[in-house]
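Take a look at the structure below.
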Amino acid sequence: MTLTLSILDQTIIQSKETSTQAFQHTIQLVKIAEKLGYHRFWVSEHHDLDNVVGSSPEVLISHLLAHTTRIRLGSGGVMLQHYSPYKVAENFHVLASLAPGRVDLGIGRAPGGLPLSTRALQQEGGSTRSLEEKLVELEKFLHNHLEPEHPLHGLKAIPNPTQPADLYLLGTSVASAELAAQRGVPYVFAQFINSDEAVSLEAITTYRERFVPRAIATPQAILALSVIVSDTDENARKLANENEFVKINLASGKTITVNSLKKAEEYGKHTSEPYTIEVKEPNIIAGSKETVRKRLLEIQQAYQVEEVVIITPVKDFQKRVTSYELLAEAFSEQPVTNHL
């Protein structure tokens, strides 16, 4: 079984960079990814974070589609809890019409930010509907299948593309796997967020066992992993150690992941819910080409997945590109020419 490699990019911004420079890096990276043969390139949705400027994946995807010709582009993911399913369907119908067969719509369950940004996104009253209800309605708008008894029956999401965006559900729990299985859509487990291997294995197993054929005929499980490749194991570990990983455990049972203790403390200032903060070692697969290839093949064997989506949390852009080049080289027979 071959292993398909894809990329998740968060448009990281460094302290001395402008947002324009950060987006230029994403544009350069997607072009490089296409030349290297990566299968898909997803961009994330984050709000009110100091080091991430990718707050609008729909807008960014549109620009990236215009700069590429083959690679699939998508969201990893759109935080549906904040939005109207109808409007999300319209946005991705536009994208799918601009680039037929190249657009993915990944839906995330997390808020994508801290309490203030969530409040701002939902300040018109928010929504009392669950994510599952919104996901079901989104599916109906994507394929214009609103049943006669639906209060919006007759409404269509325009334009009507020949091939709507493919829908994916992203998650970090067994509950998200169950929802993906019930809806019959591909499922992406974000192991770079939830490093508990027992949970990830249970989630993937549950997804496969409870899968109901709908959008796709057979279950399609994907792992999203944090990977850094360098010339030596030691150098890769040094790059990995530059990252900070902080979990906010809420009394309700939900978990929020942020990339600094400062952001976790800021969260505490704007929430009324009891919580605890846990600083953890980042779950990053770091090493040379040989080390990383061996580990990824072990993971593929353990989870029986055909695709992994890779996020590379390296601050220096050139070193981030090098990591993706070395990763592609690790799974090909030809050395990769530096693209910068």
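Letters A, B, ... mark the chains of the structure tokens in the order given; residue numbers begin at 1 per chain; ligand numbers begin at 1, in order shown.
Residues of region 164-206 of chain A that DSSP places in alpha helix (DSSP H), based on the backbone of this structure, are Val174, Ala175, Ser176, Ala177, Glu178, Leu179, Ala180, Ala181, Gln182, Arg183, Glu197, Ala198, Val199, Ser200, Leu201, Glu202, Ala203, Ile204, Thr205 and Thr206 of chain A.
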Selection above as a file: C-alpha atoms, as a PDB file, in the first residue's frame:
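Generated output (part.pdb):
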ATOM      1  CA  VAL A 174     -14.279   9.125  18.965  1.00  0.00           C
ATOM      2  CA  ALA A 175     -17.409  11.312  18.837  1.00  0.00           C
ATOM      3  CA  SER A 176     -16.190  13.041  15.665  1.00  0.00           C
ATOM      4  CA  ALA A 177     -15.376   9.650  14.138  1.00  0.00           C
ATOM      5  CA  GLU A 178     -18.900   8.439  14.889  1.00  0.00           C
ATOM      6  CA  LEU A 179     -20.397  11.499  13.197  1.00  0.00           C
ATOM      7  CA  ALA A 180     -18.202  11.054  10.101  1.00  0.00           C
ATOM      8  CA  ALA A 181     -19.198   7.381   9.944  1.00  0.00           C
ATOM      9  CA  GLN A 182     -22.888   8.183  10.325  1.00  0.00           C
ATOM     10  CA  ARG A 183     -22.746  10.784   7.544  1.00  0.00           C
ATOM     11  CA  GLU A 197      -2.646   6.990  20.327  1.00  0.00           C
ATOM     12  CA  ALA A 198      -5.306   4.930  22.100  1.00  0.00           C
ATOM     13  CA  VAL A 199      -7.922   7.567  21.269  1.00  0.00           C
ATOM     14  CA  SER A 200      -6.791   7.960  17.660  1.00  0.00           C
ATOM     15  CA  LEU A 201      -6.806   4.196  17.099  1.00  0.00           C
ATOM     16  CA  GLU A 202     -10.245   3.859  18.695  1.00  0.00           C
ATOM     17  CA  ALA A 203     -11.541   6.747  16.589  1.00  0.00           C
ATOM     18  CA  ILE A 204     -10.277   5.265  13.310  1.00  0.00           C
ATOM     19  CA  THR A 205     -11.571   1.802  14.244  1.00  0.00           C
ATOM     20  CA  THR A 206     -14.969   3.195  15.251  1.00  0.00           C
TER      21      THR A 206
END
Selected residue of minimal separation from Glu209 (chain A) among A:Pro57, A:Gly154, A:Pro159, A:Gly184, counting only C-alpha atoms: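 Among A:Pro57, A:Gly154, A:Pro159, A:Gly184, it is A:Gly184 that comes nearest to Glu209 (chain A).
Here CA of Val136 (chain A) is placed at a distance of 18.0 Å from CA of Pro219 (chain A).
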Near-Thr255 (chain A) list (12 Å; only C-alpha atoms; drop same-chain fewer than 3 positions) as an NGL selection string: :A and (109-112 or 114 or 171-173 or 193-194 or 246-252 or 258 or 264 or 274-278)
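Across the structure, CA of Lys238 (chain A) and CA of Ala286 (chain A) are spaced 9.0 Å apart.
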Selected residue of minimal separation from Ser44 (chain A) among A:Ile107, A:Phe245, A:Val94, A:Gln14, counting only C-alpha atoms: A:Ile107
Spatial neighbours of Leu297 (chain A), max dist 12 Å, only C-alpha atoms, sep filter under 4 positions, as a ChimeraX atom specification: /A:1-5,290-293,301-308,330-331
Close residues, region 226-236 of chain A itself excluded, 6 Å, only C-alpha atoms, min 6 positions apart in chain, as a ChimeraX atom specification: /A:192,284-288,310-312,323
